[in-house]
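Below is work.csv, holding CSV, C-alpha atoms.
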chain,number,residue,atom,x,y,z
A,2,MET,CA,-18.6,20.3,-39.7
A,3,LEU,CA,-17.2,17.2,-38.0
A,4,LYS,CA,-14.2,19.2,-36.7
A,5,LYS,CA,-16.5,21.8,-35.3
A,6,LEU,CA,-18.6,19.2,-33.5
A,7,LEU,CA,-15.5,17.4,-32.1
A,8,VAL,CA,-14.1,20.7,-30.9
A,9,THR,CA,-17.4,21.6,-29.3
A,10,ILE,CA,-17.5,18.2,-27.5
A,11,MET,CA,-13.9,18.6,-26.2
A,12,LEU,CA,-14.6,22.2,-25.1
A,13,ALA,CA,-17.6,21.0,-23.2
A,14,LEU,CA,-15.7,18.4,-21.3
A,15,HIS,CA,-12.8,20.8,-20.7
A,16,VAL,CA,-15.2,23.4,-19.2
A,17,THR,CA,-16.7,20.7,-17.0
A,18,ILE,CA,-13.4,19.6,-15.6
A,19,ALA,CA,-12.1,23.2,-15.2
A,20,THR,CA,-15.2,24.2,-13.4
A,21,SER,CA,-14.7,21.4,-10.9
A,22,VAL,CA,-11.1,22.4,-10.3
A,23,ALA,CA,-12.0,26.0,-10.0
A,24,LEU,CA,-14.5,25.2,-7.3
A,25,GLY,CA,-11.7,23.7,-5.2
A,26,GLN,CA,-12.8,20.1,-5.5
A,27,GLY,CA,-10.2,17.4,-4.9
A,28,THR,CA,-9.8,14.0,-6.5
A,29,SER,CA,-12.3,12.3,-4.2
A,30,ALA,CA,-14.9,15.0,-5.0
A,31,ILE,CA,-14.4,14.6,-8.8
A,32,LEU,CA,-14.7,10.8,-8.5
A,33,ALA,CA,-17.7,11.0,-6.3
A,34,GLN,CA,-19.6,13.1,-8.9
A,35,GLN,CA,-19.4,10.5,-11.6
A,36,ASN,CA,-22.5,8.9,-13.1
A,37,PRO,CA,-24.0,6.4,-10.7
A,38,GLN,CA,-24.0,3.9,-13.6
A,39,SER,CA,-20.3,4.4,-14.0
A,40,SER,CA,-17.9,1.5,-13.4
A,41,LEU,CA,-16.1,3.7,-10.8
A,42,SER,CA,-18.6,2.6,-8.2
A,43,ARG,CA,-16.9,-0.8,-8.2
A,44,TYR,CA,-13.5,0.7,-7.2
A,45,PHE,CA,-14.2,3.9,-5.4
A,46,GLU,CA,-16.4,4.7,-2.4
A,47,PRO,CA,-16.0,8.1,-0.9
A,48,LYS,CA,-17.4,7.1,2.6
A,49,ALA,CA,-16.8,3.4,3.2
A,50,GLY,CA,-13.7,2.9,1.0
A,51,LEU,CA,-10.2,2.1,2.2
A,52,SER,CA,-8.0,5.2,2.7
A,53,ALA,CA,-4.3,5.4,2.2
A,54,ASP,CA,-3.6,5.3,6.0
A,55,GLU,CA,-5.8,2.3,6.4
A,56,ALA,CA,-4.1,0.5,3.5
A,57,VAL,CA,-0.7,1.1,5.2
A,58,ALA,CA,-2.0,-0.1,8.5
A,59,TYR,CA,-3.5,-3.2,6.9
A,60,ALA,CA,-0.2,-3.9,5.1
A,61,LEU,CA,1.9,-3.6,8.2
A,62,SER,CA,-0.4,-6.0,10.1
A,63,HIS,CA,-0.6,-8.6,7.4
A,64,ASN,CA,2.8,-8.7,5.8
A,65,GLY,CA,4.5,-12.0,6.4
A,66,GLU,CA,8.0,-10.7,6.5
A,67,LEU,CA,7.2,-8.1,9.0
A,68,LEU,CA,5.4,-10.6,11.2
A,69,ALA,CA,8.5,-12.9,11.1
A,70,ALA,CA,10.8,-9.9,11.9
A,71,GLY,CA,8.5,-9.1,14.9
A,72,LYS,CA,9.0,-12.7,16.2
A,73,GLU,CA,12.7,-12.3,15.9
A,74,ILE,CA,12.6,-9.1,17.9
A,75,GLU,CA,10.6,-10.9,20.6
A,76,ALA,CA,13.3,-13.6,20.7
A,77,ALA,CA,16.0,-11.0,20.9
A,78,ARG,CA,14.3,-9.3,23.9
A,79,ALA,CA,14.2,-12.7,25.6
A,80,LEU,CA,17.9,-13.1,24.9
A,81,VAL,CA,18.6,-9.7,26.5
A,82,ARG,CA,16.7,-10.9,29.7
A,83,GLN,CA,18.6,-14.1,29.6
A,84,ALA,CA,22.0,-12.4,29.2
A,85,SER,CA,21.3,-10.2,32.3
A,86,LEU,CA,20.8,-13.3,34.5
A,87,ARG,CA,23.5,-14.9,36.5
A,88,ALA,CA,24.8,-18.2,35.4
A,89,ASN,CA,23.0,-21.1,37.0
A,90,PRO,CA,24.8,-23.2,39.6
A,91,GLN,CA,25.4,-26.8,38.8
A,92,LEU,CA,25.0,-29.9,41.0
A,93,ASP,CA,26.5,-33.2,39.8
A,94,ILE,CA,25.7,-36.5,41.6
A,95,GLU,CA,27.5,-39.7,40.6
A,96,ARG,CA,26.8,-43.2,42.0
A,97,LYS,CA,29.0,-46.3,41.4
A,98,GLN,CA,28.0,-49.6,42.7
A,99,GLN,CA,29.8,-53.0,42.3
A,100,ILE,CA,27.6,-55.9,41.3
A,101,ASN,CA,27.7,-58.7,43.8
A,102,GLY,CA,30.2,-56.7,45.9
A,103,SER,CA,30.5,-54.1,48.5
A,104,ASP,CA,32.6,-51.6,46.6
A,105,ASN,CA,30.2,-48.7,46.3
A,106,ASP,CA,31.0,-45.1,45.6
A,107,THR,CA,28.9,-41.9,45.7
A,108,MET,CA,30.2,-38.5,44.5
A,109,VAL,CA,28.5,-35.2,44.9
A,110,GLY,CA,29.9,-32.1,43.2
A,111,ALA,CA,28.7,-28.5,43.0
A,112,MET,CA,29.8,-25.6,40.8
A,113,LEU,CA,29.0,-21.9,41.0
A,114,PRO,CA,30.3,-20.0,37.9
A,115,LEU,CA,32.0,-16.7,38.7
A,116,GLU,CA,31.7,-14.2,35.8
A,117,LEU,CA,34.8,-12.0,36.3
A,118,GLY,CA,36.1,-9.2,34.2
A,119,GLY,CA,32.8,-7.8,33.1
A,120,ARG,CA,31.8,-10.8,31.1
A,121,ARG,CA,28.1,-10.5,32.0
A,122,SER,CA,27.9,-6.8,31.2
A,123,ALA,CA,29.6,-7.5,27.9
A,124,ARG,CA,27.1,-10.3,27.1
A,125,VAL,CA,24.2,-8.0,27.9
A,126,LEU,CA,25.6,-5.3,25.7
A,127,VAL,CA,26.0,-7.6,22.8
A,128,ALA,CA,22.4,-8.8,23.2
A,129,GLN,CA,21.1,-5.3,23.4
A,130,ARG,CA,23.0,-4.2,20.3
A,131,GLU,CA,21.6,-7.2,18.4
A,132,LEU,CA,18.1,-6.2,19.6
A,133,GLU,CA,18.6,-2.6,18.4
A,134,MET,CA,19.8,-3.8,15.0
A,135,LYS,CA,16.7,-6.0,14.5
A,136,GLU,CA,14.4,-3.2,15.7
A,137,ARG,CA,16.0,-0.7,13.2
A,138,LEU,CA,15.8,-3.3,10.4
A,139,LEU,CA,12.1,-3.8,11.1
A,140,ALA,CA,11.5,0.0,11.2
A,141,ASP,CA,13.2,0.4,7.9
A,142,ARG,CA,11.2,-2.4,6.4
A,143,GLU,CA,8.0,-0.8,7.7
A,144,ARG,CA,9.0,2.6,6.3
A,145,LEU,CA,9.8,1.1,2.8
A,146,LEU,CA,6.5,-0.9,2.8
A,147,ALA,CA,4.5,2.1,3.8
A,148,ALA,CA,6.0,4.2,1.1
A,149,GLU,CA,5.4,1.5,-1.5
A,150,VAL,CA,1.8,1.1,-0.4
A,151,ARG,CA,1.2,4.9,-0.6
A,152,ALA,CA,2.8,5.0,-4.1
A,153,LYS,CA,0.7,2.1,-5.3
A,154,PHE,CA,-2.4,3.6,-3.7
A,155,GLY,CA,-1.8,6.9,-5.5
A,156,GLU,CA,-1.2,5.0,-8.8
A,157,ALA,CA,-4.6,3.3,-8.4
A,158,LEU,CA,-6.3,6.6,-7.6
A,159,GLY,CA,-4.7,8.1,-10.7
A,160,GLU,CA,-6.0,5.3,-12.9
A,161,LEU,CA,-9.4,5.8,-11.4
A,162,LEU,CA,-9.3,9.5,-12.2
A,163,LYS,CA,-8.3,8.8,-15.8
A,164,LEU,CA,-11.1,6.3,-16.0
A,165,GLY,CA,-13.6,8.9,-14.8
A,166,PHE,CA,-12.4,11.4,-17.3
A,167,THR,CA,-12.6,8.9,-20.1
A,168,GLU,CA,-16.1,8.0,-19.2
A,169,ASP,CA,-17.1,11.7,-19.1
A,170,LEU,CA,-15.5,12.1,-22.5
A,171,LEU,CA,-17.4,9.0,-23.8
A,172,ALA,CA,-20.7,10.3,-22.5
A,173,THR,CA,-20.2,13.7,-24.0
A,174,THR,CA,-19.1,12.2,-27.4
A,175,ASP,CA,-22.1,9.9,-27.3
A,176,GLN,CA,-24.4,12.8,-26.8
A,177,GLY,CA,-22.8,14.5,-29.8
A,178,TYR,CA,-23.3,11.3,-31.9
A,179,ARG,CA,-27.0,11.3,-31.0
A,180,LEU,CA,-27.2,14.9,-32.1
A,181,VAL,CA,-25.6,14.1,-35.4
A,182,ALA,CA,-27.8,11.1,-35.8
A,183,ALA,CA,-30.9,13.2,-35.3
A,184,ARG,CA,-29.7,15.7,-37.9
A,185,VAL,CA,-29.1,12.8,-40.3
A,186,THR,CA,-32.6,11.6,-39.7
A,187,GLU,CA,-34.0,15.0,-40.4
A,188,GLY,CA,-31.9,15.2,-43.6
A,189,ARG,CA,-29.8,18.1,-42.5
A,190,THR,CA,-26.5,16.2,-42.3
A,191,ALA,CA,-24.9,13.6,-44.6
A,192,PRO,CA,-24.8,10.0,-43.2
A,193,LEU,CA,-21.0,10.0,-43.7
A,194,GLU,CA,-20.7,12.5,-40.9
A,195,GLN,CA,-22.6,10.2,-38.6
A,196,ASN,CA,-20.3,7.3,-39.4
A,197,MET,CA,-17.3,9.4,-38.7
A,198,VAL,CA,-18.6,10.5,-35.3
A,199,LEU,CA,-19.4,6.8,-34.6
A,200,VAL,CA,-15.8,5.9,-35.3
A,201,GLU,CA,-14.8,8.5,-32.7
A,202,VAL,CA,-17.3,7.1,-30.2
A,203,ASN,CA,-15.9,3.6,-30.7
A,204,ARG,CA,-12.3,4.9,-30.3
A,205,ILE,CA,-13.1,6.5,-27.0
A,206,ARG,CA,-15.1,3.4,-25.9
A,207,SER,CA,-11.9,1.4,-26.6
A,208,MET,CA,-9.9,3.9,-24.5
A,209,ARG,CA,-12.4,3.4,-21.7
A,210,GLU,CA,-11.9,-0.3,-21.8
A,211,GLY,CA,-8.2,0.1,-21.7
A,212,SER,CA,-8.4,2.5,-18.7
A,213,GLU,CA,-10.6,0.1,-16.8
A,214,GLY,CA,-8.1,-2.7,-17.5
A,215,LYS,CA,-5.3,-0.5,-16.0
A,216,VAL,CA,-7.5,0.1,-13.0
A,217,GLU,CA,-8.0,-3.6,-12.5
A,218,VAL,CA,-4.3,-4.2,-12.7
A,219,ALA,CA,-3.5,-1.4,-10.2
A,220,MET,CA,-6.1,-2.7,-7.8
A,221,LEU,CA,-4.8,-6.2,-8.0
A,222,GLU,CA,-1.2,-5.0,-7.4
A,223,LEU,CA,-2.4,-3.1,-4.4
A,224,ARG,CA,-4.2,-6.1,-3.0
A,225,ASN,CA,-1.1,-8.2,-3.4
A,226,LEU,CA,1.1,-5.5,-1.8
A,227,ILE,CA,-1.0,-5.1,1.4
A,228,GLY,CA,-1.6,-8.8,1.8
A,229,MET,CA,-5.3,-8.9,0.7
A,230,ARG,CA,-6.7,-11.9,-1.1
A,231,PRO,CA,-7.7,-11.3,-4.7
A,232,GLU,CA,-11.3,-12.3,-4.1
A,233,GLU,CA,-11.8,-9.8,-1.2
A,234,PRO,CA,-13.7,-6.7,-2.1
A,235,LEU,CA,-11.6,-3.5,-2.3
A,236,ARG,CA,-12.8,0.0,-2.9
A,237,LEU,CA,-10.8,3.1,-2.3
A,238,ARG,CA,-11.4,6.5,-0.9
A,239,GLY,CA,-9.1,9.5,-0.5
A,240,ASP,CA,-7.5,12.3,-2.3
A,241,LEU,CA,-4.3,12.7,-4.3
A,242,ASP,CA,-3.8,16.2,-2.8
A,243,HIS,CA,-3.1,14.9,0.7
A,244,LEU,CA,-1.7,11.5,0.0
A,245,ILE,CA,1.9,12.3,0.9
A,246,GLU,CA,3.0,14.5,3.8
A,247,PRO,CA,5.1,17.5,2.8
A,248,LEU,CA,8.9,17.0,3.2
A,249,PRO,CA,10.7,18.7,6.1
A,250,SER,CA,13.3,21.4,5.6
A,251,VAL,CA,16.8,20.7,4.5
A,252,ALA,CA,18.2,21.3,8.0
A,253,ILE,CA,15.7,18.9,9.6
A,254,SER,CA,16.2,16.3,6.9
A,255,THR,CA,20.0,16.4,7.3
A,256,GLU,CA,19.7,16.1,11.1
A,257,LEU,CA,17.3,13.1,10.7
A,258,ALA,CA,19.7,11.4,8.2
A,259,LEU,CA,22.7,11.8,10.5
A,260,ARG,CA,20.9,10.6,13.5
A,261,GLU,CA,18.9,7.7,12.0
A,262,ARG,CA,21.2,6.3,9.3
For the file at hand, write its structure as structure tokens.
Amino acid sequence: MLKKLLVTIMLALHVTIATSVALGQGTSAILAQQNPQSSLSRYFEPKAGLSADEAVAYALSHNGELLAAGKEIEAARALVRQASLRANPQLDIERKQQINGSDNDTMVGAMLPLELGGRRSARVLVAQRELEMKERLLADRERLLAAEVRAKFGEALGELLKLGFTEDLLATTDQGYRLVAARVTEGRTAPLEQNMVLVEVNRIRSMREGSEGKVEVAMLELRNLIGMRPEEPLRLRGDLDHLIEPLPSVAISTELALRER
């Protein structure tokens, strides 16, 4: 009897999930349909939450290493402008005066540096290459950070989805427990069966607590990655189906690799 009840509960949950998928609903739609009393409302907001693109933009604008690299690029641009300028002329004035005497001497000298043999163009070229190197390093850091943020964002959404399924399973199993409890009260089922179903309810409740703990860890890691303080509120929105753009063809990927690397 217990096995039949558990099978019925699992089938009911499976049918619910399969129906949602069959209707073409994405991750955000599934999470949005959770019970309003669910703990998911603390982590997921389908309208006002933070999307993956917004998380990437926030990380790029708040990452300390990227901000420092941006300052280095500004300095490199200034060096390029400085390298393109002609050398400044020099004017030296020297005055010698004898104490208690008439032997005085004044010397004035001027110098105009002549950059021959393409020295200035070579200096400009070196400064430009250094600027290009720093810009490419910054672009590579931004690319890696954006990919890491999207991966962590997807991991957090996945943990939220698992938490939602676990809470659905807990709600369904709890309903089954109440049904068994009513049958025990009426004397139609042995109390042992109620205790066995209660054990299953407690097991799933423990699973839910573990799932929520994983969500907390994933959200904390995402905050740390994008540069958000732990006490700042963070709720997500989005869909796993469109989190990562499709990869280009092999020919385009090869061309990009040869040109950019």
Would you kindly return, as a count of residues only, each protein, DNA or RNA residue with an atom no farther than 10 Å from any atom of range 144-148 of chain A, considering all atoms listed in the file and excluding same-chain residues fewer than 2 positions away? 22
Just want the 6 Å neighbourhood of range 161-175 of chain A, counted on all atoms listed in the file, with same-chain residues fewer than 3 positions away dropped. Output as a VMD selection string. chain A and resid 158 178 205 209 212
Please identify all polymer residues within 6 Å of range 180-182 of chain A, counting all atoms listed in the file, omitting same-chain residues fewer than 3 positions from it, and present them as a short mmCIF file (atom, residue, chain, number, x, y, z; two decimals) with C-alpha atoms, keeping the file's coordinate frame.
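Everything below was put into result.cif:
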data_model
loop_
_atom_site.label_atom_id
_atom_site.label_comp_id
_atom_site.auth_asym_id
_atom_site.auth_seq_id
_atom_site.Cartn_x
_atom_site.Cartn_y
_atom_site.Cartn_z
CA GLY A 177 -22.80 14.50 -29.80
CA VAL A 185 -29.10 12.80 -40.30
CA GLN A 195 -22.60 10.20 -38.60
#
Pick out the residues sitting within 12 Å of Glu116 in chain A, and hand them over as an mmCIF file with C-alpha atoms, keeping the file's coordinate frame; count only C-alpha atoms, and ignore anything fewer than 2 positions along from it in its own chain.
data_model
loop_
_atom_site.group_PDB
_atom_site.id
_atom_site.type_symbol
_atom_site.label_atom_id
_atom_site.label_comp_id
_atom_site.auth_asym_id
_atom_site.auth_seq_id
_atom_site.Cartn_x
_atom_site.Cartn_y
_atom_site.Cartn_z
ATOM 1 C CA ALA A 84 22.000 -12.400 29.200
ATOM 2 C CA SER A 85 21.300 -10.200 32.300
ATOM 3 C CA LEU A 86 20.800 -13.300 34.500
ATOM 4 C CA ARG A 87 23.500 -14.900 36.500
ATOM 5 C CA ALA A 88 24.800 -18.200 35.400
ATOM 6 C CA ASN A 89 23.000 -21.100 37.000
ATOM 7 C CA PRO A 90 24.800 -23.200 39.600
ATOM 8 C CA LEU A 113 29.000 -21.900 41.000
ATOM 9 C CA PRO A 114 30.300 -20.000 37.900
ATOM 10 C CA GLY A 118 36.100 -9.200 34.200
ATOM 11 C CA GLY A 119 32.800 -7.800 33.100
ATOM 12 C CA ARG A 120 31.800 -10.800 31.100
ATOM 13 C CA ARG A 121 28.100 -10.500 32.000
ATOM 14 C CA SER A 122 27.900 -6.800 31.200
ATOM 15 C CA ALA A 123 29.600 -7.500 27.900
ATOM 16 C CA ARG A 124 27.100 -10.300 27.100
#
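Taking all atoms listed in the file into account, Lys72 in chain A lies nearest to A:Lys135 out of the set A:Lys135, A:Arg189, A:Arg96, A:Arg224.
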So what do you get for CA of Glu55 in chain A versus CA of Glu156 in chain A, distance-wise?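 Here the two named atoms are 16.1 Å from each other.
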Have a look at CA of Gly50 in chain A and CA of Arg236 in chain A and let me know their distance in Å, one decimal.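 Computed distance, CA of Gly50 in chain A to CA of Arg236 in chain A, equals 4.9 Å.
In terms of minimum interatomic distance to Val127 in chain A, A:Gln83 ranks closest within A:Glu210, A:Thr190, A:Gln83, A:Leu223, counting only C-alpha atoms.
Taking all atoms listed in the file into account, the protein, DNA and RNA residues within 9 Å of (-20.8, 11.8, -36.6) read Leu3, Leu6, Leu7, Gly177, Tyr178, Arg179, Leu180, Val181, Ala182, Pro192, Leu193, Glu194, Gln195, Asn196, Met197, Val198, Leu199, Val200, Glu201 and Val202 of chain A.
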Please determine, counting all atoms listed in the file, which residue among A:Gly159, A:Pro234, A:Gly65, A:Gly71 has the shortest atom-to-atom distance to Ala49 in chain A. A:Pro234
When you draw a straight line from CA of Glu136 in chain A to CA of Glu66 in chain A, how long is it in Å? 13.5 Å
Taking only C-alpha atoms into account, which of A:Val125, A:Leu257, A:Val251, A:Ala157 comes nearest Leu237 in chain A? A:Ala157
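Of the residues under consideration (A:Glu133, A:Glu261, A:Asp104, A:Glu143), A:Glu143 shows the shortest atom-to-atom contact distance to His63 in chain A when counting all atoms listed in the file.
The smallest atom-to-atom distance between Arg78 in chain A and any of A:Ala252, A:Ala111, A:Leu132, A:Met208, using all atoms listed in the file, is found for A:Leu132.
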